[in-house]
file coords-v4.txt (compact mmCIF, N, CA and C atoms)
# COMPACT_ATOMS: atom_id res chain seq x y z
N MET A 15 83.64 -4.79 -96.15
CA MET A 15 83.50 -5.88 -97.11
C MET A 15 82.03 -5.97 -97.50
N ASP A 16 81.79 -6.16 -98.77
CA ASP A 16 80.45 -6.33 -99.30
C ASP A 16 79.85 -7.62 -98.74
N GLN A 17 78.55 -7.62 -98.45
CA GLN A 17 77.93 -8.80 -97.86
C GLN A 17 78.07 -10.05 -98.73
N GLY A 18 78.11 -9.87 -100.05
CA GLY A 18 78.21 -11.01 -100.96
C GLY A 18 79.63 -11.48 -101.18
N GLU A 19 80.61 -10.81 -100.61
CA GLU A 19 82.01 -11.19 -100.79
C GLU A 19 82.36 -12.38 -99.91
N PRO A 20 83.04 -13.37 -100.47
CA PRO A 20 83.44 -14.52 -99.66
C PRO A 20 84.54 -14.14 -98.68
N GLN A 21 84.59 -14.85 -97.60
CA GLN A 21 85.65 -14.68 -96.63
C GLN A 21 86.69 -15.75 -96.89
N ILE A 22 87.95 -15.39 -96.79
CA ILE A 22 89.03 -16.35 -96.92
C ILE A 22 89.60 -16.52 -95.53
N SER A 23 89.54 -17.74 -95.02
CA SER A 23 89.98 -17.95 -93.65
C SER A 23 90.96 -19.09 -93.56
N PRO A 24 92.25 -18.78 -93.34
CA PRO A 24 93.22 -19.86 -93.17
C PRO A 24 92.93 -20.63 -91.89
N ILE A 25 93.01 -21.93 -91.97
CA ILE A 25 92.78 -22.78 -90.82
C ILE A 25 94.12 -23.14 -90.17
N PHE A 26 95.18 -23.18 -90.94
CA PHE A 26 96.48 -23.57 -90.44
C PHE A 26 97.47 -22.43 -90.62
N THR A 27 98.33 -22.23 -89.65
CA THR A 27 99.40 -21.24 -89.73
C THR A 27 100.70 -21.99 -89.49
N ASP A 28 101.61 -21.90 -90.45
CA ASP A 28 102.90 -22.58 -90.35
C ASP A 28 102.74 -24.07 -90.07
N GLY A 29 101.70 -24.68 -90.66
CA GLY A 29 101.50 -26.11 -90.53
C GLY A 29 100.89 -26.55 -89.22
N ILE A 30 100.52 -25.60 -88.34
CA ILE A 30 99.95 -25.95 -87.03
C ILE A 30 98.46 -25.64 -87.06
N ALA A 31 97.64 -26.57 -86.62
CA ALA A 31 96.20 -26.37 -86.64
C ALA A 31 95.80 -25.32 -85.63
N ALA A 32 94.94 -24.41 -86.05
CA ALA A 32 94.36 -23.44 -85.12
C ALA A 32 93.27 -24.14 -84.34
N SER A 33 93.15 -23.83 -83.08
CA SER A 33 92.11 -24.44 -82.25
C SER A 33 90.77 -23.87 -82.61
N PRO A 34 89.77 -24.72 -82.85
CA PRO A 34 88.45 -24.18 -83.16
C PRO A 34 87.86 -23.51 -81.94
N GLY A 35 87.25 -22.35 -82.13
CA GLY A 35 86.62 -21.62 -81.05
C GLY A 35 85.21 -22.10 -80.82
N PRO A 36 84.55 -21.58 -79.81
CA PRO A 36 83.20 -22.02 -79.49
C PRO A 36 82.18 -21.71 -80.57
N SER A 37 82.48 -20.73 -81.45
CA SER A 37 81.52 -20.37 -82.49
C SER A 37 81.71 -21.16 -83.78
N GLU A 38 82.65 -22.09 -83.79
CA GLU A 38 82.90 -22.87 -85.01
C GLU A 38 81.69 -23.74 -85.34
N SER A 39 81.33 -23.79 -86.61
CA SER A 39 80.15 -24.55 -87.02
C SER A 39 80.52 -25.99 -87.35
N ALA A 40 79.50 -26.78 -87.66
CA ALA A 40 79.71 -28.18 -88.03
C ALA A 40 80.53 -28.28 -89.30
N HIS A 41 80.48 -27.24 -90.13
CA HIS A 41 81.26 -27.28 -91.37
C HIS A 41 82.75 -27.35 -91.09
N ASP A 42 83.20 -26.81 -89.97
CA ASP A 42 84.62 -26.84 -89.67
C ASP A 42 85.12 -28.25 -89.43
N ALA A 43 84.31 -29.12 -88.87
CA ALA A 43 84.73 -30.52 -88.71
C ALA A 43 84.98 -31.12 -90.09
N ARG A 44 84.17 -30.75 -91.05
CA ARG A 44 84.37 -31.23 -92.43
C ARG A 44 85.65 -30.64 -93.01
N THR A 45 85.87 -29.37 -92.76
CA THR A 45 87.08 -28.71 -93.24
C THR A 45 88.32 -29.41 -92.69
N TYR A 46 88.32 -29.66 -91.39
CA TYR A 46 89.46 -30.32 -90.77
C TYR A 46 89.65 -31.74 -91.30
N ALA A 47 88.57 -32.44 -91.57
CA ALA A 47 88.68 -33.80 -92.11
C ALA A 47 89.35 -33.78 -93.48
N ILE A 48 88.95 -32.85 -94.33
CA ILE A 48 89.52 -32.75 -95.68
C ILE A 48 90.98 -32.30 -95.60
N ILE A 49 91.24 -31.27 -94.80
CA ILE A 49 92.62 -30.79 -94.68
C ILE A 49 93.51 -31.86 -94.05
N GLY A 50 93.00 -32.58 -93.09
CA GLY A 50 93.78 -33.67 -92.50
C GLY A 50 94.17 -34.72 -93.52
N ALA A 51 93.22 -35.06 -94.39
CA ALA A 51 93.51 -36.03 -95.46
C ALA A 51 94.57 -35.46 -96.41
N ALA A 52 94.43 -34.18 -96.76
CA ALA A 52 95.40 -33.54 -97.66
C ALA A 52 96.79 -33.47 -97.02
N MET A 53 96.83 -33.18 -95.72
CA MET A 53 98.13 -33.12 -95.03
C MET A 53 98.81 -34.49 -95.03
N GLU A 54 98.02 -35.54 -94.87
CA GLU A 54 98.60 -36.89 -94.90
C GLU A 54 99.17 -37.20 -96.28
N VAL A 55 98.43 -36.83 -97.33
CA VAL A 55 98.93 -37.03 -98.70
C VAL A 55 100.22 -36.26 -98.89
N HIS A 56 100.24 -35.01 -98.47
CA HIS A 56 101.44 -34.19 -98.63
C HIS A 56 102.61 -34.75 -97.81
N ARG A 57 102.32 -35.22 -96.62
CA ARG A 57 103.37 -35.79 -95.76
C ARG A 57 104.00 -37.01 -96.43
N ARG A 58 103.17 -37.84 -97.04
CA ARG A 58 103.68 -39.08 -97.65
C ARG A 58 104.34 -38.85 -99.01
N LEU A 59 103.78 -37.96 -99.82
CA LEU A 59 104.29 -37.76 -101.18
C LEU A 59 105.25 -36.58 -101.31
N GLY A 60 105.16 -35.63 -100.38
CA GLY A 60 105.97 -34.42 -100.51
C GLY A 60 105.45 -33.55 -101.64
N HIS A 61 106.27 -32.59 -102.06
CA HIS A 61 105.87 -31.72 -103.17
C HIS A 61 106.70 -32.07 -104.39
N GLY A 62 106.22 -31.68 -105.57
CA GLY A 62 106.98 -31.92 -106.79
C GLY A 62 106.27 -32.77 -107.82
N PHE A 63 105.18 -33.42 -107.45
CA PHE A 63 104.40 -34.17 -108.43
C PHE A 63 103.41 -33.24 -109.13
N LEU A 64 102.85 -33.70 -110.22
CA LEU A 64 101.80 -32.96 -110.90
C LEU A 64 100.47 -33.20 -110.18
N GLU A 65 99.53 -32.33 -110.42
CA GLU A 65 98.24 -32.36 -109.73
C GLU A 65 97.51 -33.71 -109.79
N PRO A 66 97.50 -34.42 -110.93
CA PRO A 66 96.77 -35.70 -110.97
C PRO A 66 97.25 -36.73 -109.94
N VAL A 67 98.52 -36.70 -109.59
CA VAL A 67 99.05 -37.62 -108.58
C VAL A 67 98.41 -37.32 -107.23
N TYR A 68 98.37 -36.05 -106.87
CA TYR A 68 97.77 -35.66 -105.60
C TYR A 68 96.27 -35.91 -105.59
N GLN A 69 95.64 -35.72 -106.73
CA GLN A 69 94.20 -35.95 -106.81
C GLN A 69 93.87 -37.43 -106.58
N GLU A 70 94.63 -38.30 -107.18
CA GLU A 70 94.41 -39.74 -106.99
C GLU A 70 94.69 -40.16 -105.55
N ALA A 71 95.79 -39.66 -104.99
CA ALA A 71 96.14 -40.00 -103.61
C ALA A 71 95.11 -39.44 -102.62
N LEU A 72 94.64 -38.22 -102.87
CA LEU A 72 93.65 -37.65 -101.97
C LEU A 72 92.34 -38.43 -102.02
N ALA A 73 91.97 -38.91 -103.18
CA ALA A 73 90.75 -39.74 -103.28
C ALA A 73 90.88 -40.98 -102.40
N ILE A 74 92.04 -41.61 -102.43
CA ILE A 74 92.28 -42.80 -101.59
C ILE A 74 92.19 -42.42 -100.11
N GLU A 75 92.82 -41.31 -99.76
CA GLU A 75 92.83 -40.88 -98.35
C GLU A 75 91.42 -40.51 -97.87
N LEU A 76 90.64 -39.87 -98.73
CA LEU A 76 89.26 -39.52 -98.35
C LEU A 76 88.42 -40.78 -98.14
N ILE A 77 88.62 -41.78 -98.99
CA ILE A 77 87.91 -43.06 -98.82
C ILE A 77 88.30 -43.68 -97.48
N ASP A 78 89.61 -43.72 -97.21
CA ASP A 78 90.09 -44.32 -95.96
C ASP A 78 89.55 -43.61 -94.73
N ARG A 79 89.23 -42.31 -94.86
CA ARG A 79 88.74 -41.53 -93.73
C ARG A 79 87.21 -41.39 -93.73
N ASP A 80 86.56 -42.11 -94.62
CA ASP A 80 85.09 -42.08 -94.72
C ASP A 80 84.54 -40.68 -94.98
N VAL A 81 85.26 -39.89 -95.77
CA VAL A 81 84.77 -38.57 -96.18
C VAL A 81 84.02 -38.76 -97.50
N PRO A 82 82.72 -38.46 -97.52
CA PRO A 82 81.97 -38.64 -98.77
C PRO A 82 82.39 -37.61 -99.81
N PHE A 83 82.60 -38.07 -101.05
CA PHE A 83 83.02 -37.16 -102.11
C PHE A 83 82.64 -37.71 -103.48
N SER A 84 82.60 -36.80 -104.43
CA SER A 84 82.53 -37.13 -105.85
C SER A 84 83.73 -36.45 -106.48
N ARG A 85 84.24 -37.06 -107.53
CA ARG A 85 85.45 -36.55 -108.17
C ARG A 85 85.14 -36.08 -109.57
N GLU A 86 85.83 -35.02 -110.02
CA GLU A 86 85.66 -34.46 -111.36
C GLU A 86 84.19 -34.20 -111.66
N VAL A 87 83.55 -33.48 -110.77
CA VAL A 87 82.12 -33.20 -110.88
C VAL A 87 81.88 -32.08 -111.89
N GLU A 88 81.09 -32.37 -112.90
CA GLU A 88 80.75 -31.38 -113.93
C GLU A 88 79.77 -30.38 -113.33
N ILE A 89 80.14 -29.11 -113.40
CA ILE A 89 79.30 -28.05 -112.86
C ILE A 89 78.97 -27.08 -113.99
N SER A 90 77.68 -26.89 -114.21
CA SER A 90 77.21 -26.02 -115.27
C SER A 90 77.36 -24.56 -114.86
N ILE A 91 77.76 -23.75 -115.81
CA ILE A 91 77.85 -22.31 -115.61
C ILE A 91 76.73 -21.67 -116.43
N GLN A 92 76.00 -20.77 -115.80
CA GLN A 92 74.88 -20.10 -116.45
C GLN A 92 75.28 -18.68 -116.86
N TYR A 93 74.76 -18.25 -118.00
CA TYR A 93 74.89 -16.86 -118.41
C TYR A 93 73.54 -16.40 -118.94
N ASN A 94 73.02 -15.33 -118.37
CA ASN A 94 71.69 -14.83 -118.74
C ASN A 94 70.64 -15.93 -118.69
N GLY A 95 70.76 -16.79 -117.67
CA GLY A 95 69.77 -17.84 -117.48
C GLY A 95 69.94 -19.04 -118.38
N ARG A 96 70.99 -19.06 -119.18
CA ARG A 96 71.22 -20.19 -120.09
C ARG A 96 72.55 -20.87 -119.76
N PRO A 97 72.56 -22.20 -119.79
CA PRO A 97 73.81 -22.91 -119.49
C PRO A 97 74.83 -22.76 -120.62
N LEU A 98 76.06 -22.54 -120.24
CA LEU A 98 77.15 -22.48 -121.23
C LEU A 98 77.63 -23.90 -121.54
N ALA A 99 78.08 -24.10 -122.75
CA ALA A 99 78.59 -25.42 -123.15
C ALA A 99 79.89 -25.75 -122.42
N CYS A 100 80.61 -24.72 -121.99
CA CYS A 100 81.90 -24.93 -121.35
C CYS A 100 81.78 -24.74 -119.83
N GLY A 101 81.25 -25.72 -119.16
CA GLY A 101 81.18 -25.67 -117.71
C GLY A 101 82.56 -25.90 -117.13
N TYR A 102 82.62 -26.29 -115.90
CA TYR A 102 83.92 -26.62 -115.32
C TYR A 102 83.77 -27.88 -114.48
N ARG A 103 84.87 -28.52 -114.20
CA ARG A 103 84.88 -29.73 -113.39
C ARG A 103 85.57 -29.42 -112.07
N ALA A 104 84.84 -29.60 -110.99
CA ALA A 104 85.44 -29.45 -109.66
C ALA A 104 86.30 -30.68 -109.40
N ASP A 105 87.48 -30.49 -108.86
CA ASP A 105 88.33 -31.64 -108.55
C ASP A 105 87.60 -32.60 -107.61
N PHE A 106 87.00 -32.05 -106.56
CA PHE A 106 86.21 -32.84 -105.61
C PHE A 106 85.01 -32.03 -105.17
N LEU A 107 83.94 -32.73 -104.92
CA LEU A 107 82.79 -32.17 -104.23
C LEU A 107 82.60 -33.06 -103.01
N CYS A 108 82.95 -32.55 -101.84
CA CYS A 108 82.88 -33.34 -100.61
C CYS A 108 81.61 -32.99 -99.85
N TYR A 109 81.07 -33.97 -99.19
CA TYR A 109 79.85 -33.79 -98.40
C TYR A 109 78.72 -33.20 -99.25
N ALA A 110 78.73 -33.43 -100.54
CA ALA A 110 77.72 -32.99 -101.51
C ALA A 110 77.54 -31.47 -101.57
N SER A 111 78.43 -30.71 -100.91
CA SER A 111 78.22 -29.26 -100.92
C SER A 111 79.50 -28.44 -100.74
N PHE A 112 80.66 -29.08 -100.79
CA PHE A 112 81.92 -28.45 -100.42
C PHE A 112 82.90 -28.63 -101.58
N ILE A 113 83.21 -27.55 -102.31
CA ILE A 113 84.15 -27.62 -103.43
C ILE A 113 85.57 -27.74 -102.89
N VAL A 114 86.33 -28.69 -103.42
CA VAL A 114 87.75 -28.82 -103.07
C VAL A 114 88.53 -28.79 -104.37
N GLU A 115 89.36 -27.78 -104.51
CA GLU A 115 90.15 -27.58 -105.71
C GLU A 115 91.62 -27.79 -105.38
N LEU A 116 92.31 -28.58 -106.19
CA LEU A 116 93.72 -28.90 -105.95
C LEU A 116 94.61 -28.15 -106.93
N LYS A 117 95.77 -27.78 -106.46
CA LYS A 117 96.81 -27.17 -107.28
C LYS A 117 98.14 -27.80 -106.89
N ALA A 118 99.09 -27.75 -107.81
CA ALA A 118 100.47 -28.16 -107.53
C ALA A 118 101.37 -27.10 -108.16
N ILE A 119 101.37 -25.92 -107.53
CA ILE A 119 102.05 -24.75 -108.06
C ILE A 119 102.97 -24.16 -106.98
N ARG A 120 103.77 -23.16 -107.35
CA ARG A 120 104.73 -22.56 -106.42
C ARG A 120 104.06 -21.86 -105.25
N ALA A 121 102.92 -21.22 -105.50
CA ALA A 121 102.21 -20.50 -104.43
C ALA A 121 100.80 -20.19 -104.90
N ILE A 122 99.88 -20.15 -103.96
CA ILE A 122 98.52 -19.72 -104.26
C ILE A 122 98.55 -18.21 -104.46
N THR A 123 97.93 -17.77 -105.55
CA THR A 123 97.90 -16.34 -105.85
C THR A 123 96.46 -15.86 -105.91
N LYS A 124 96.29 -14.59 -106.15
CA LYS A 124 94.96 -13.99 -106.30
C LYS A 124 94.21 -14.62 -107.48
N VAL A 125 94.92 -15.12 -108.48
CA VAL A 125 94.29 -15.75 -109.64
C VAL A 125 93.54 -17.02 -109.20
N GLU A 126 94.19 -17.88 -108.44
CA GLU A 126 93.55 -19.10 -107.97
C GLU A 126 92.41 -18.77 -106.99
N GLU A 127 92.62 -17.77 -106.16
CA GLU A 127 91.56 -17.37 -105.23
C GLU A 127 90.33 -16.85 -105.99
N ALA A 128 90.55 -16.05 -107.03
CA ALA A 128 89.43 -15.54 -107.84
C ALA A 128 88.69 -16.68 -108.51
N GLN A 129 89.43 -17.70 -108.97
CA GLN A 129 88.81 -18.87 -109.60
C GLN A 129 87.84 -19.54 -108.63
N ILE A 130 88.26 -19.75 -107.40
CA ILE A 130 87.41 -20.40 -106.39
C ILE A 130 86.20 -19.54 -106.07
N ILE A 131 86.40 -18.25 -105.94
CA ILE A 131 85.28 -17.35 -105.66
C ILE A 131 84.26 -17.43 -106.79
N ASN A 132 84.73 -17.44 -108.03
CA ASN A 132 83.81 -17.57 -109.17
C ASN A 132 83.08 -18.90 -109.14
N TYR A 133 83.76 -19.98 -108.77
CA TYR A 133 83.11 -21.29 -108.68
C TYR A 133 82.00 -21.27 -107.64
N LEU A 134 82.26 -20.64 -106.50
CA LEU A 134 81.24 -20.56 -105.46
C LEU A 134 80.03 -19.76 -105.95
N ARG A 135 80.30 -18.64 -106.56
CA ARG A 135 79.20 -17.81 -107.07
C ARG A 135 78.41 -18.54 -108.14
N ALA A 136 79.10 -19.21 -109.04
CA ALA A 136 78.42 -19.90 -110.15
C ALA A 136 77.58 -21.07 -109.66
N THR A 137 78.07 -21.76 -108.65
CA THR A 137 77.38 -22.95 -108.17
C THR A 137 76.38 -22.64 -107.06
N LYS A 138 76.50 -21.44 -106.49
CA LYS A 138 75.68 -21.05 -105.34
C LYS A 138 75.96 -21.92 -104.11
N LEU A 139 77.12 -22.58 -104.12
CA LEU A 139 77.57 -23.31 -102.94
C LEU A 139 78.21 -22.32 -101.98
N ARG A 140 78.35 -22.72 -100.74
CA ARG A 140 78.81 -21.81 -99.71
C ARG A 140 80.27 -21.99 -99.30
N LEU A 141 80.79 -23.20 -99.42
CA LEU A 141 82.13 -23.50 -98.90
C LEU A 141 83.05 -24.08 -99.97
N ALA A 142 84.33 -23.69 -99.88
CA ALA A 142 85.33 -24.25 -100.78
C ALA A 142 86.68 -24.27 -100.08
N LEU A 143 87.50 -25.22 -100.49
CA LEU A 143 88.89 -25.30 -100.05
C LEU A 143 89.78 -25.29 -101.28
N LEU A 144 90.84 -24.53 -101.21
CA LEU A 144 91.87 -24.52 -102.23
C LEU A 144 93.11 -25.10 -101.58
N LEU A 145 93.59 -26.22 -102.12
CA LEU A 145 94.74 -26.92 -101.55
C LEU A 145 95.88 -26.91 -102.55
N ASN A 146 97.06 -26.50 -102.11
CA ASN A 146 98.23 -26.47 -102.98
C ASN A 146 99.30 -27.42 -102.45
N PHE A 147 99.59 -28.44 -103.25
CA PHE A 147 100.58 -29.45 -102.90
C PHE A 147 101.97 -29.12 -103.46
N GLY A 148 102.12 -27.99 -104.14
CA GLY A 148 103.36 -27.68 -104.84
C GLY A 148 104.42 -26.99 -104.01
N THR A 149 104.23 -26.91 -102.71
CA THR A 149 105.19 -26.23 -101.83
C THR A 149 105.66 -27.20 -100.74
N PRO A 150 106.78 -26.90 -100.09
CA PRO A 150 107.27 -27.81 -99.04
C PRO A 150 106.26 -28.07 -97.93
N SER A 151 105.42 -27.09 -97.59
CA SER A 151 104.31 -27.30 -96.66
C SER A 151 103.01 -27.13 -97.43
N LEU A 152 102.02 -27.93 -97.12
CA LEU A 152 100.72 -27.82 -97.79
C LEU A 152 100.16 -26.43 -97.57
N GLN A 153 99.75 -25.78 -98.65
CA GLN A 153 99.07 -24.49 -98.55
C GLN A 153 97.58 -24.74 -98.68
N GLN A 154 96.79 -24.00 -97.92
CA GLN A 154 95.35 -24.14 -98.04
C GLN A 154 94.68 -22.81 -97.77
N ARG A 155 93.55 -22.63 -98.40
CA ARG A 155 92.69 -21.47 -98.16
C ARG A 155 91.25 -21.99 -98.10
N ARG A 156 90.52 -21.52 -97.13
CA ARG A 156 89.11 -21.87 -96.97
C ARG A 156 88.28 -20.65 -97.36
N PHE A 157 87.26 -20.87 -98.18
CA PHE A 157 86.41 -19.80 -98.66
C PHE A 157 84.98 -20.04 -98.18
N VAL A 158 84.36 -18.99 -97.68
CA VAL A 158 82.98 -19.05 -97.25
C VAL A 158 82.23 -17.94 -97.95
N LEU A 159 81.21 -18.29 -98.70
CA LEU A 159 80.43 -17.29 -99.43
C LEU A 159 79.20 -16.93 -98.63
call {"tool": "encode", "arguments": {"input": "coords-v4.txt", "output": "structure tokens"}}
result
Amino acid sequence: MDQGEPQISPIFTDGIAASPGPSESAHDARTYAIIGAAMEVHRRLGHGFLEPVYQEALAIELIDRDVPFSREVEISIQYNGRPLACGYRADFLCYASFIVELKAIRAITKVEEAQIINYLRATKLRLALLLNFGTPSLQQRRFVL
């Protein structure tokens, strides 16, 4: 793997939390806090709603869990050192440095994964979570650049 390639690391397998090992960093506590909030939203609402419903519910759950976040954060994209007029909006920016992108689709595919990788590269942020509420069990992918 190229040194600049992000790693995709699932934290949950079949809905069961993997035990953090001794080498887990402080960022993993943040990951678990966000995923825990998302799991609670999914547990209460189930699957089948559109993304804005999950986004609103997750905001409430993050507040209740004291997870710091900003919502619909405008992120500028640069090309040849110049900002493009068409940036993108991150669904959530948690802990001022952690992109959280929500989906409500049948399955996470390489397309959604590529989108997150591009967001990390464009923002020069290091961590992202992709959460999919569109399946019977919450799907998630953690990205580290």
call {"tool": "atom_distance", "arguments": {"input": "coords-v4.txt", "atom1": "atom CA of Glu86 of chain A", "atom2": "atom C of Gln129 of chain A"}}
result
15.3 Å
call {"tool": "atom_distance", "arguments": {"input": "coords-v4.txt", "atom1": "atom C of Ser151 of chain A", "atom2": "atom C of Pro82 of chain A"}}
result
23.3 Å
call {"tool": "residues_around", "arguments": {"input": "coords-v4.txt", "residues": "segment 107-123 of chain A", "least_positions_apart": "3", "cutoff": "5 Å", "atoms": "all atoms listed in the file", "output": "PyMOL selection string"}}
result
chain A and resi 82-84+126-127+141-148
call {"tool": "closest_residue", "arguments": {"input": "coords-v4.txt", "among": "A:Asn132, A:Lys138, A:Val67, A:Tyr102", "to": "Ser90 of chain A", "atoms": "only N, CA and C atoms"}}
result
A:Tyr102
call {"tool": "atom_distance", "arguments": {"input": "coords-v4.txt", "atom1": "atom N of Gly62 of chain A", "atom2": "atom C of Asp105 of chain A"}}
result
18.8 Å
call {"tool": "closest_residue", "arguments": {"input": "coords-v4.txt", "among": "A:Gly101, A:Leu76, A:Phe63, A:Glu70", "to": "Ala47 of chain A", "atoms": "only C-alpha atoms"}}
result
A:Leu76
call {"tool": "select_by_dssp", "arguments": {"input": "coords-v4.txt", "residues": "chain A", "states": "helix (DSSP H, G or I)", "output": "VMD selection string"}}
result
chain A and resid 40 to 59 65 to 78 124 to 137
call {"tool": "select_by_dssp", "arguments": {"input": "coords-v4.txt", "residues": "segment 73-141 of chain A", "states": "strand (DSSP E)", "output": "count of residues only"}}
result
25
call {"tool": "closest_residue", "arguments": {"input": "coords-v4.txt", "among": "A:Leu98, A:Tyr46, A:Thr137, A:Thr149", "to": "His61 of chain A", "atoms": "only N, CA and C atoms"}}
result
A:Thr149
